[in-house]
Each structure stands twice: as structure tokens, then as C-alpha cells.
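Visitor: Sharing data.pdb, PDB, C-alpha atoms and all ligand atoms:
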```pdb
MODEL        1
ATOM      1  CA  MET Z   1     377.255 248.834  82.507
ATOM      2  CA  ASP Z   2     374.901 246.286  80.945
ATOM      3  CA  LEU Z   3     372.051 248.654  81.334
ATOM      4  CA  TYR Z   4     374.089 251.378  79.759
ATOM      5  CA  ASN Z   5     374.988 249.191  76.794
ATOM      6  CA  SER Z   6     371.467 248.038  76.240
ATOM      7  CA  SER Z   7     370.116 251.584  76.379
ATOM      8  CA  PHE Z   8     370.530 252.265  72.706
ATOM      9  CA  ALA Z   9     368.847 249.112  71.550
ATOM     10  CA  SER Z  10     366.092 249.813  74.052
ATOM     11  CA  PHE Z  11     365.694 253.284  72.709
ATOM     12  CA  LEU Z  12     364.982 251.868  69.250
ATOM     13  CA  PHE Z  13     362.546 249.448  70.805
ATOM     14  CA  LEU Z  14     360.799 252.183  72.769
ATOM     15  CA  ALA Z  15     360.669 254.518  69.821
ATOM     16  CA  ARG Z  16     358.443 251.984  68.109
ATOM     17  CA  LEU Z  17     356.269 251.530  71.183
ATOM     18  CA  LEU Z  18     355.810 255.176  71.952
ATOM     19  CA  PRO Z  19     353.075 256.216  69.498
ATOM     20  CA  GLN Z  20     350.953 253.282  70.654
ATOM     21  CA  SER Z  21     351.460 254.090  74.330
ATOM     22  CA  THR Z  22     350.621 257.727  73.843
ATOM     23  CA  ALA Z  23     347.413 256.778  72.089
ATOM     24  CA  GLU Z  24     346.495 254.492  74.972
ATOM     25  CA  VAL Z  25     347.171 257.208  77.472
ATOM     26  CA  ARG Z  26     344.944 259.636  75.621
ATOM     27  CA  GLY Z  27     342.209 256.995  75.530
ATOM     28  CA  ASP Z  28     342.532 256.421  79.255
ATOM     29  CA  ARG Z  29     342.244 260.095  79.957
ATOM     30  CA  GLU Z  30     339.016 260.378  78.083
ATOM     31  CA  LEU Z  31     337.563 257.269  79.641
ATOM     32  CA  ALA Z  32     338.352 257.780  83.267
ATOM     33  CA  GLU Z  33     339.586 260.583  85.389
ATOM     34  CA  GLY Z  34     340.406 258.193  88.218
ATOM     35  CA  GLU Z  35     342.450 254.995  88.168
ATOM     36  CA  GLY Z  36     342.843 254.785  84.404
ATOM     37  CA  GLU Z  37     344.399 258.178  84.277
ATOM     38  CA  GLU Z  38     346.723 257.476  87.112
ATOM     39  CA  GLN Z  39     348.086 254.356  85.450
ATOM     40  CA  GLY Z  40     348.128 255.945  82.034
ATOM     41  CA  MET Z  41     349.967 258.940  83.364
ATOM     42  CA  ALA Z  42     352.483 256.764  85.135
ATOM     43  CA  GLU Z  43     353.096 254.811  81.954
ATOM     44  CA  ALA Z  44     353.453 257.925  79.860
ATOM     45  CA  HIS Z  45     355.731 259.445  82.416
ATOM     46  CA  LEU Z  46     357.982 256.431  82.550
ATOM     47  CA  THR Z  47     358.049 255.915  78.835
ATOM     48  CA  LEU Z  48     359.247 259.475  78.441
ATOM     49  CA  LEU Z  49     361.707 259.045  81.263
ATOM     50  CA  LEU Z  50     363.125 255.924  79.618
ATOM     51  CA  LEU Z  51     363.309 257.656  76.306
ATOM     52  CA  ALA Z  52     365.164 260.552  77.824
ATOM     53  CA  ALA Z  53     367.458 258.215  79.701
ATOM     54  CA  SER Z  54     368.253 256.241  76.569
ATOM     55  CA  MET Z  55     368.895 259.322  74.497
ATOM     56  CA  SER Z  56     371.158 261.085  76.894
ATOM     57  CA  CYS Z  57     372.669 257.941  78.391
ATOM     58  CA  LEU Z  58     371.705 258.962  81.893
ATOM     59  CA  VAL Z  59     371.288 255.385  83.003
ATOM     60  CA  THR Z  60     374.642 254.664  84.522
ATOM     61  CA  ALA Z  61     375.944 252.807  87.508
ATOM     62  CA  SER Z  62     376.300 256.069  89.387
ATOM     63  CA  GLN Z  63     372.546 256.542  89.354
ATOM     64  CA  ALA Z  64     372.230 254.216  92.309
ATOM     65  CA  HIS Z  65     368.696 255.005  93.374
ATOM     66  CA  GLN Z  66     365.691 254.066  91.320
ATOM     67  CA  LYS Z  67     367.565 252.253  88.642
ATOM     68  CA  ILE Z  68     365.467 251.146  85.706
ATOM     69  CA  HIS Z  69     366.059 247.593  84.529
ATOM     70  CA  ILE Z  70     364.802 246.716  81.083
ATOM     71  CA  VAL Z  71     364.079 243.031  81.517
ATOM     72  CA  GLY Z  72     366.055 240.992  78.999
ATOM     73  CA  GLY Z  73     367.692 244.154  77.610
ATOM     74  CA  SER Z  74     366.879 244.812  73.977
ATOM     75  CA  TYR Z  75     365.426 241.306  73.652
ATOM     76  CA  GLY Z  76     362.516 242.390  75.829
ATOM     77  CA  TRP Z  77     359.960 240.061  77.376
ATOM     78  CA  LYS Z  78     359.035 237.099  75.164
ATOM     79  CA  ILE Z  79     359.874 233.401  74.852
ATOM     80  CA  PRO Z  80     363.642 233.346  75.254
ATOM     81  CA  PRO Z  81     366.160 231.520  73.032
ATOM     82  CA  ASN Z  82     366.932 229.191  75.960
ATOM     83  CA  THR Z  83     365.543 228.510  79.418
ATOM     84  CA  THR Z  84     368.329 230.262  81.313
ATOM     85  CA  PHE Z  85     368.147 233.515  79.333
ATOM     86  CA  TYR Z  86     366.400 235.660  81.995
ATOM     87  CA  GLU Z  87     368.365 234.044  84.804
ATOM     88  CA  GLU Z  88     371.605 234.939  83.043
ATOM     89  CA  TRP Z  89     370.334 238.464  82.499
ATOM     90  CA  ALA Z  90     369.325 238.840  86.163
ATOM     91  CA  ASN Z  91     372.665 237.511  87.378
ATOM     92  CA  LYS Z  92     374.395 240.446  85.725
ATOM     93  CA  GLN Z  93     372.248 243.000  87.548
ATOM     94  CA  SER Z  94     371.814 244.173  91.122
ATOM     95  CA  PHE Z  95     368.281 244.923  92.207
ATOM     96  CA  PHE Z  96     367.601 247.386  94.991
ATOM     97  CA  VAL Z  97     364.433 248.508  96.713
ATOM     98  CA  GLY Z  98     363.062 251.430  94.701
ATOM     99  CA  ASP Z  99     364.328 250.139  91.359
ATOM    100  CA  LYS Z 100     361.926 249.577  88.507
ATOM    101  CA  LEU Z 101     361.506 246.619  86.192
ATOM    102  CA  VAL Z 102     360.337 247.328  82.675
ATOM    103  CA  PHE Z 103     358.848 244.413  80.774
ATOM    104  CA  LEU Z 104     358.684 245.344  77.100
ATOM    105  CA  TYR Z 105     356.094 243.356  75.192
ATOM    106  CA  THR Z 106     353.121 243.629  72.892
ATOM    107  CA  THR Z 107     349.775 243.639  74.670
ATOM    108  CA  GLY Z 108     347.951 240.378  74.046
ATOM    109  CA  LEU Z 109     351.039 238.353  73.217
ATOM    110  CA  GLN Z 110     352.621 238.246  76.687
ATOM    111  CA  ASN Z 111     351.732 239.075  80.250
ATOM    112  CA  VAL Z 112     353.480 239.435  83.588
ATOM    113  CA  ILE Z 113     352.377 237.375  86.571
ATOM    114  CA  GLU Z 114     353.928 237.906  89.945
ATOM    115  CA  ALA Z 115     354.003 234.661  91.867
ATOM    116  CA  SER Z 116     354.304 234.619  95.607
ATOM    117  CA  GLU Z 117     356.131 231.311  96.005
ATOM    118  CA  GLU Z 118     359.131 229.638  94.528
ATOM    119  CA  GLU Z 119     357.156 226.474  93.795
ATOM    120  CA  GLU Z 120     354.719 228.308  91.529
ATOM    121  CA  PHE Z 121     357.617 229.893  89.747
ATOM    122  CA  THR Z 122     359.490 226.621  89.321
ATOM    123  CA  TYR Z 123     356.478 224.677  88.058
ATOM    124  CA  CYS Z 124     354.695 227.590  86.334
ATOM    125  CA  LYS Z 125     351.630 227.125  88.533
ATOM    126  CA  GLN Z 126     349.045 229.818  89.112
ATOM    127  CA  THR Z 127     347.867 228.841  92.565
ATOM    128  CA  ASN Z 128     348.807 231.953  94.487
ATOM    129  CA  VAL Z 129     349.168 234.750  91.993
ATOM    130  CA  GLU Z 130     349.966 238.101  93.548
ATOM    131  CA  ASP Z 131     349.545 240.300  90.552
ATOM    132  CA  VAL Z 132     348.729 240.068  86.844
ATOM    133  CA  GLN Z 133     349.698 242.704  84.295
ATOM    134  CA  PHE Z 134     348.646 242.326  80.699
ATOM    135  CA  VAL Z 135     349.090 245.718  79.063
ATOM    136  CA  GLY Z 136     352.575 246.187  77.681
ATOM    137  CA  PRO Z 137     354.903 247.668  78.567
ATOM    138  CA  THR Z 138     354.579 246.719  82.228
ATOM    139  CA  ILE Z 139     356.544 248.841  84.653
ATOM    140  CA  LEU Z 140     356.825 247.584  88.205
ATOM    141  CA  GLN Z 141     358.581 249.151  91.124
ATOM    142  CA  LEU Z 142     360.407 246.835  93.484
ATOM    143  CA  THR Z 143     359.093 248.054  96.797
ATOM    144  CA  LYS Z 144     360.108 245.145  99.013
ATOM    145  CA  ALA Z 145     363.381 243.415  99.677
ATOM    146  CA  GLY Z 146     363.510 239.684  99.087
ATOM    147  CA  VAL Z 147     363.090 237.313  96.189
ATOM    148  CA  HIS Z 148     360.421 238.187  93.644
ATOM    149  CA  TYR Z 149     359.114 235.849  90.976
ATOM    150  CA  PHE Z 150     357.644 236.814  87.622
ATOM    151  CA  TYR Z 151     356.559 234.783  84.653
ATOM    152  CA  CYS Z 152     354.376 234.885  81.575
ATOM    153  CA  SER Z 153     351.289 232.701  81.793
ATOM    154  CA  VAL Z 154     350.443 232.787  78.092
ATOM    155  CA  GLY Z 155     350.543 229.301  76.498
ATOM    156  CA  LEU Z 156     353.704 227.456  77.454
ATOM    157  CA  HIS Z 157     355.826 230.589  77.636
ATOM    158  CA  CYS Z 158     356.745 230.046  81.275
ATOM    159  CA  GLU Z 159     357.749 226.446  80.604
ATOM    160  CA  GLY Z 160     359.845 227.820  77.747
ATOM    161  CA  GLY Z 161     361.799 229.932  80.194
ATOM    162  CA  GLN Z 162     359.913 233.228  80.121
ATOM    163  CA  LYS Z 163     360.355 233.690  83.834
ATOM    164  CA  LEU Z 164     362.388 235.977  85.997
ATOM    165  CA  ARG Z 165     363.569 235.684  89.566
ATOM    166  CA  VAL Z 166     365.087 238.774  91.167
ATOM    167  CA  ASN Z 167     366.668 239.053  94.575
ATOM    168  CA  VAL Z 168     365.969 242.575  95.789
ATOM    169  CA  THR Z 169     368.107 244.032  98.557
ATOM    170  CA  HIS Z 170     368.268 247.286 100.422
ATOM    171  CA  GLU Z 171     371.002 249.563  99.240
ATOM    172  CA  ALA Z 172     374.123 248.737 101.217
ATOM    173  CA  ALA Z 173     375.078 251.423 103.697
ATOM    174  CA  ALA Z 174     378.224 253.200 102.518
TER     175      ALA Z 174
HETATM  176  C1  LIG T   1     371.065 231.626  76.120
HETATM  177  O1  LIG T   1     370.873 232.583  75.085
HETATM  178  C2  LIG T   1     371.674 233.743  75.223
HETATM  179  C3  LIG T   1     371.273 234.683  74.099
HETATM  180  O2  LIG T   1     371.317 234.054  72.860
HETATM  181  C4  LIG T   1     373.153 233.383  75.192
HETATM  182  O3  LIG T   1     373.924 234.543  75.366
HETATM  183  C5  LIG T   1     373.424 232.395  76.295
HETATM  184  O4  LIG T   1     374.776 231.980  76.250
HETATM  185  C6  LIG T   1     372.510 231.190  76.179
HETATM  186  N1  LIG T   1     372.722 230.318  77.326
HETATM  187  C7  LIG T   1     372.890 229.014  77.212
HETATM  188  C8  LIG T   1     373.067 228.268  78.480
HETATM  189  O5  LIG T   1     372.914 228.442  76.120
HETATM  190  C1  LIG T   2     369.542 237.635  98.301
HETATM  191  O1  LIG T   2     370.626 238.528  98.424
HETATM  192  C2  LIG T   2     371.069 238.663  99.775
HETATM  193  C3  LIG T   2     372.131 239.759  99.812
HETATM  194  O2  LIG T   2     373.084 239.573  98.809
HETATM  195  C4  LIG T   2     371.599 237.319 100.244
HETATM  196  O3  LIG T   2     372.033 237.421 101.585
HETATM  197  C5  LIG T   2     370.492 236.292 100.154
HETATM  198  O4  LIG T   2     370.972 235.028 100.499
HETATM  199  C6  LIG T   2     369.954 236.251  98.748
HETATM  200  N1  LIG T   2     368.793 235.358  98.723
HETATM  201  C7  LIG T   2     368.639 234.413  97.805
HETATM  202  C8  LIG T   2     367.431 233.565  97.945
HETATM  203  O5  LIG T   2     369.436 234.226  96.903
ENDMDL
END
```
Is it possible to give me this structure as C-alpha cells?
Ligand SMILES: *[C@@H]1O[C@H](CO)[C@@H](O)[C@H](O)[C@H]1NC(C)=O
Ligand SMILES: *[C@@H]1O[C@H](CO)[C@@H](O)[C@H](O)[C@H]1NC(C)=O

Guide:
Amino acid sequence: MDLYNSSFASFLFLARLLPQSTAEVRGDRELAEGEGEEQGMAEAHLTLLLLAASMSCLVTASQAHQKIHIVGGSYGWKIPPNTTFYEEWANKQSFFVGDKLVFLYTTGLQNVIEASEEEEFTYCKQTNVEDVQFVGPTILQLTKAGVHYFYCSVGLHCEGGQKLRVNVTHEAAA
């Protein structure tokens, strides 16, 4: 429901991002046939998928598998208005293995760090970083059940509440 409601705002957001992303993808293709292309293609693919989903309102609760969560809804991924913003957002969602998280942000202004421990997340430490993504938008698939921690390591963004904890579960057997 939340995802559905935020789809329209997200569509507007994505519409602005799209020309930039397409340009990046084209650049990647020319530069490298290998990894760059793979990532670029994945990004292009997902951006189009999101666009299509937003336009035709396909993102509904009935689409149980591979749900796409736009982190923070139309607000996107940046320093939040308060420190519980992303926690409140996450509490309204259910995350399942196979779902995707979309962090919408401008490259260079934010990033996405995946921390492996709660302590790093709580204290915004970078002692055991699992993954760093710095080209927006970042699209991550939740491949493992359990609690996953993400934050932005730019400046004091994490301290300002730009952090997200998601508890990923396997789809309950019907
Ligand atoms: C945090 O900000 C959001 C968005 O403005 C608001 O909906 C929410 O109530 C705020 N939470 C607190 C604890 O102030
Ligand atoms: C994650 O969700 C599962 C299933 O709802 C629950 O059993 C578990 O306690 C949760 N873990 C945390 C750390 O909240």
C-alpha cells in the first residue's frame, strides 16, 4: 500500500533521473564490454522496470515476489528530517528474500555502505564494511534472510539518521 502510494512521487523523481542514467549506461557500454556493461545494463533495466511499474501501478501488495522498495519513498536517500525517518519507513514495509532496495540519490552527494554488524550501524563506524556503492541510484537485491544494515558514510549523514536497518525474512509458506 505504501509502496503503491509512493509510486507516483517516485515516478516524478525517476523521470528526472532517467536521462542521466541512460547517458551513464551508454558511457559504460563504450568503455567496457565486461563488468561495466553488466552493471550498466542492470541499472538501465531496473530503471525502466521501475518507470513501467510506477506508470502502470503494477507495484501492489499482490506482487509478492521481488518487490521493489524505494527507500524513504519519494523522499529518497539523503539526510532525513529526523533520526527515526528511515526506521519509521522500514517499519511499514515487509522485506523478503528476493526483494530489491532502491536508494535514490545524486552521485557524489550520498553513498550506500552495507555494514556487517549492528555496532557499526549504531555508531556509524566503518570497521567491517561489506559493500560500498557510490553511484546513484543504487539498487540492491536482498539475497539473504536476516538483519541488514545500510548507511551513508558521507560527512555526518549517518549520525544525522541516514541509516536503514531491514529485517529480511523468507516468504512465509501459505
Ligand atoms: C520524522 O519525519 C517524518 C517526515 O517528516 C514524520 O512523518 C515523522 O513523524 C517524524 N518522526 C518523528 C519522531 O518526529
Ligand atoms: C526478524 O523477523 C523475524 C520474523 O518476523 C523475527 O523472528 C526476528 O526476531 C526478527 N529479527 C530482528 C532482529 O528483529

Visitor: Check what the PyMOL selection byres (((chain Z and resi 77-79) around 6) and not hetatm) selects in the file above and give those residues as number ranges by chain.

Guide: Z: 76, 80, 103-105, 157, 162

Visitor: Emit the selected residues as a PDB file, in the coordinates of the input, including C-alpha atoms.

Guide:
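The result, stored in selection.pdb:
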```pdb
ATOM      1  CA  GLY Z  76     362.516 242.390  75.829  1.00  0.00           C
ATOM      2  CA  PRO Z  80     363.642 233.346  75.254  1.00  0.00           C
ATOM      3  CA  PHE Z 103     358.848 244.413  80.774  1.00  0.00           C
ATOM      4  CA  LEU Z 104     358.684 245.344  77.100  1.00  0.00           C
ATOM      5  CA  TYR Z 105     356.094 243.356  75.192  1.00  0.00           C
ATOM      6  CA  HIS Z 157     355.826 230.589  77.636  1.00  0.00           C
ATOM      7  CA  GLN Z 162     359.913 233.228  80.121  1.00  0.00           C
TER       8      GLN Z 162
END
```

Visitor: Which of these residues is nearest to Phe134 of chain Z, using only C-alpha atoms: Z:Gly155, Z:Gly108, Z:Gly160, Z:Gly146?

Guide: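 Using only C-alpha atoms, the shortest distance to Phe134 of chain Z belongs to Z:Gly108.
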
Visitor: Could you please determine the separation between atom O4 of ligand LIG 1 (chain T) and atom CA of Asn91 of chain Z in Å, to one decimal place?

Guide: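 Separation between atom O4 of ligand LIG 1 (chain T) and atom CA of Asn91 of chain Z: 12.6 Å.
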
Visitor: What are the closest atom pairs, with distances in Å to one decimal, for each residue of chain Z lying within 9 Å of ligand LIG 1 (chain T), using only C-alpha atoms and all ligand atoms, rows by chain and rising residue number, as a Markdown table?

Guide:
```
| residue | atom | partner | partner_atom | distance |
| --- | --- | --- | --- | --- |
| Z:Tyr75 | CA | T:LIG1 | C3 | 8.8 |
| Z:Pro80 | CA | T:LIG1 | O1 | 7.3 |
| Z:Pro81 | CA | T:LIG1 | O1 | 5.2 |
| Z:Asn82 | CA | T:LIG1 | C1 | 4.8 |
| Z:Thr83 | CA | T:LIG1 | C1 | 7.1 |
| Z:Thr84 | CA | T:LIG1 | C8 | 5.9 |
| Z:Phe85 | CA | T:LIG1 | C1 | 4.7 |
| Z:Tyr86 | CA | T:LIG1 | C1 | 8.5 |
| Z:Glu88 | CA | T:LIG1 | N1 | 7.4 |
| Z:Trp89 | CA | T:LIG1 | C2 | 8.8 |
```

Visitor: Sort by chain and increasing residue number a table of all residues of chain Z within 10 Å of ligand LIG 2 (chain T), each with its closest pair of atoms and their distance in Å to one decimal, counting all atoms listed in the file, and write it as CSV.

Guide:
```
residue,atom,partner,partner_atom,distance
Z:Ser94,CA,T:LIG2,O2,9.0
Z:Phe95,CA,T:LIG2,O1,9.2
Z:Phe96,CA,T:LIG2,O1,10.0
Z:Glu118,CA,T:LIG2,C8,9.8
Z:Ala145,CA,T:LIG2,C1,8.6
Z:Gly146,CA,T:LIG2,C1,6.4
Z:Val147,CA,T:LIG2,C8,6.0
Z:His148,CA,T:LIG2,C8,9.4
Z:Arg165,CA,T:LIG2,C8,9.5
Z:Val166,CA,T:LIG2,C1,8.5
Z:Asn167,CA,T:LIG2,C1,4.9
Z:Val168,CA,T:LIG2,C1,6.6
Z:Thr169,CA,T:LIG2,C3,6.0
Z:His170,CA,T:LIG2,C3,8.5
Z:Glu171,CA,T:LIG2,C3,9.9
Z:Ala172,CA,T:LIG2,C3,9.3
```

Visitor: Given all atoms listed in the file as the basis, pick out the residue of Z:Gln133, Z:Thr122, Z:Asn128, Z:Gln141 nearest to Glu159 of chain Z.

Guide: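 Of Z:Gln133, Z:Thr122, Z:Asn128, Z:Gln141, the one nearest Glu159 of chain Z is Z:Thr122, counting all atoms listed in the file.
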
Visitor: Considering all atoms listed in the file, state which residue in the set Z:Phe150, Z:Val135, Z:Thr143, Z:Gln93 is at the smallest distance from Glu117 of chain Z.

Guide: Z:Phe150

Visitor: What's the separation between atom CA of Tyr151 of chain Z and atom CA of His65 of chain Z, in Å to one decimal place?

Guide: 25.1 Å

Visitor: Which one is closest to Val102 of chain Z: Z:Lys67, Z:Gly73, Z:Lys125, Z:Ile139? Count all atoms listed in the file.

Guide: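 Looking at the shortest contact to Val102 of chain Z, the residue is Z:Ile139.
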
Visitor: Taking the file as I've supplied it (selection: the PyMOL selection byres (((chain Z and resi 98) around 6) and not hetatm)), which residues are included? Please answer as a PyMOL selection string.

Guide: chain Z and resi 66+97+99+142-143

Visitor: Start from the incomplete input, build N, CA and C atoms for segment 129-146 of chain Z, and deliver everything as a short mmCIF file (atom, residue, chain, number, x, y, z; two decimals), keeping the file's coordinate frame.

Guide:
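File written: out-v9.cif
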```
data_model
loop_
_atom_site.label_atom_id
_atom_site.label_comp_id
_atom_site.auth_asym_id
_atom_site.auth_seq_id
_atom_site.Cartn_x
_atom_site.Cartn_y
_atom_site.Cartn_z
N VAL Z 129 348.71 233.60 92.77
CA VAL Z 129 349.17 234.75 91.99
C VAL Z 129 349.00 236.04 92.79
N GLU Z 130 350.04 236.84 92.80
CA GLU Z 130 349.97 238.10 93.55
C GLU Z 130 349.47 239.24 92.68
N ASP Z 131 349.86 239.18 91.43
CA ASP Z 131 349.54 240.30 90.55
C ASP Z 131 349.60 239.83 89.11
N VAL Z 132 348.72 240.37 88.28
CA VAL Z 132 348.73 240.07 86.84
C VAL Z 132 348.73 241.38 86.08
N GLN Z 133 349.64 241.51 85.14
CA GLN Z 133 349.70 242.70 84.30
C GLN Z 133 349.63 242.22 82.86
N PHE Z 134 348.76 242.82 82.07
CA PHE Z 134 348.65 242.33 80.70
C PHE Z 134 348.65 243.43 79.64
N VAL Z 135 348.97 244.64 80.05
CA VAL Z 135 349.09 245.72 79.06
C VAL Z 135 350.56 246.14 78.99
N GLY Z 136 351.16 245.87 77.84
CA GLY Z 136 352.58 246.19 77.68
C GLY Z 136 352.80 247.63 77.28
N PRO Z 137 353.89 248.24 77.68
CA PRO Z 137 354.90 247.67 78.57
C PRO Z 137 354.47 247.73 80.03
N THR Z 138 354.89 246.73 80.80
CA THR Z 138 354.58 246.72 82.23
C THR Z 138 355.77 247.27 83.00
N ILE Z 139 355.49 248.24 83.85
CA ILE Z 139 356.54 248.84 84.65
C ILE Z 139 356.21 248.61 86.12
N LEU Z 140 357.08 247.91 86.81
CA LEU Z 140 356.82 247.58 88.20
C LEU Z 140 357.95 248.11 89.08
N GLN Z 141 357.56 248.70 90.19
CA GLN Z 141 358.58 249.15 91.12
C GLN Z 141 358.80 248.06 92.17
N LEU Z 142 360.06 247.83 92.46
CA LEU Z 142 360.41 246.84 93.48
C LEU Z 142 360.37 247.54 94.83
N THR Z 143 359.28 247.30 95.56
CA THR Z 143 359.09 248.05 96.80
C THR Z 143 359.53 247.28 98.04
N LYS Z 144 359.74 245.95 97.85
CA LYS Z 144 360.11 245.14 99.01
C LYS Z 144 361.38 244.35 98.75
N ALA Z 145 362.19 244.24 99.79
CA ALA Z 145 363.38 243.42 99.68
C ALA Z 145 362.96 241.95 99.67
N GLY Z 146 363.81 241.12 99.13
CA GLY Z 146 363.51 239.68 99.09
C GLY Z 146 363.48 239.19 97.66
#
```
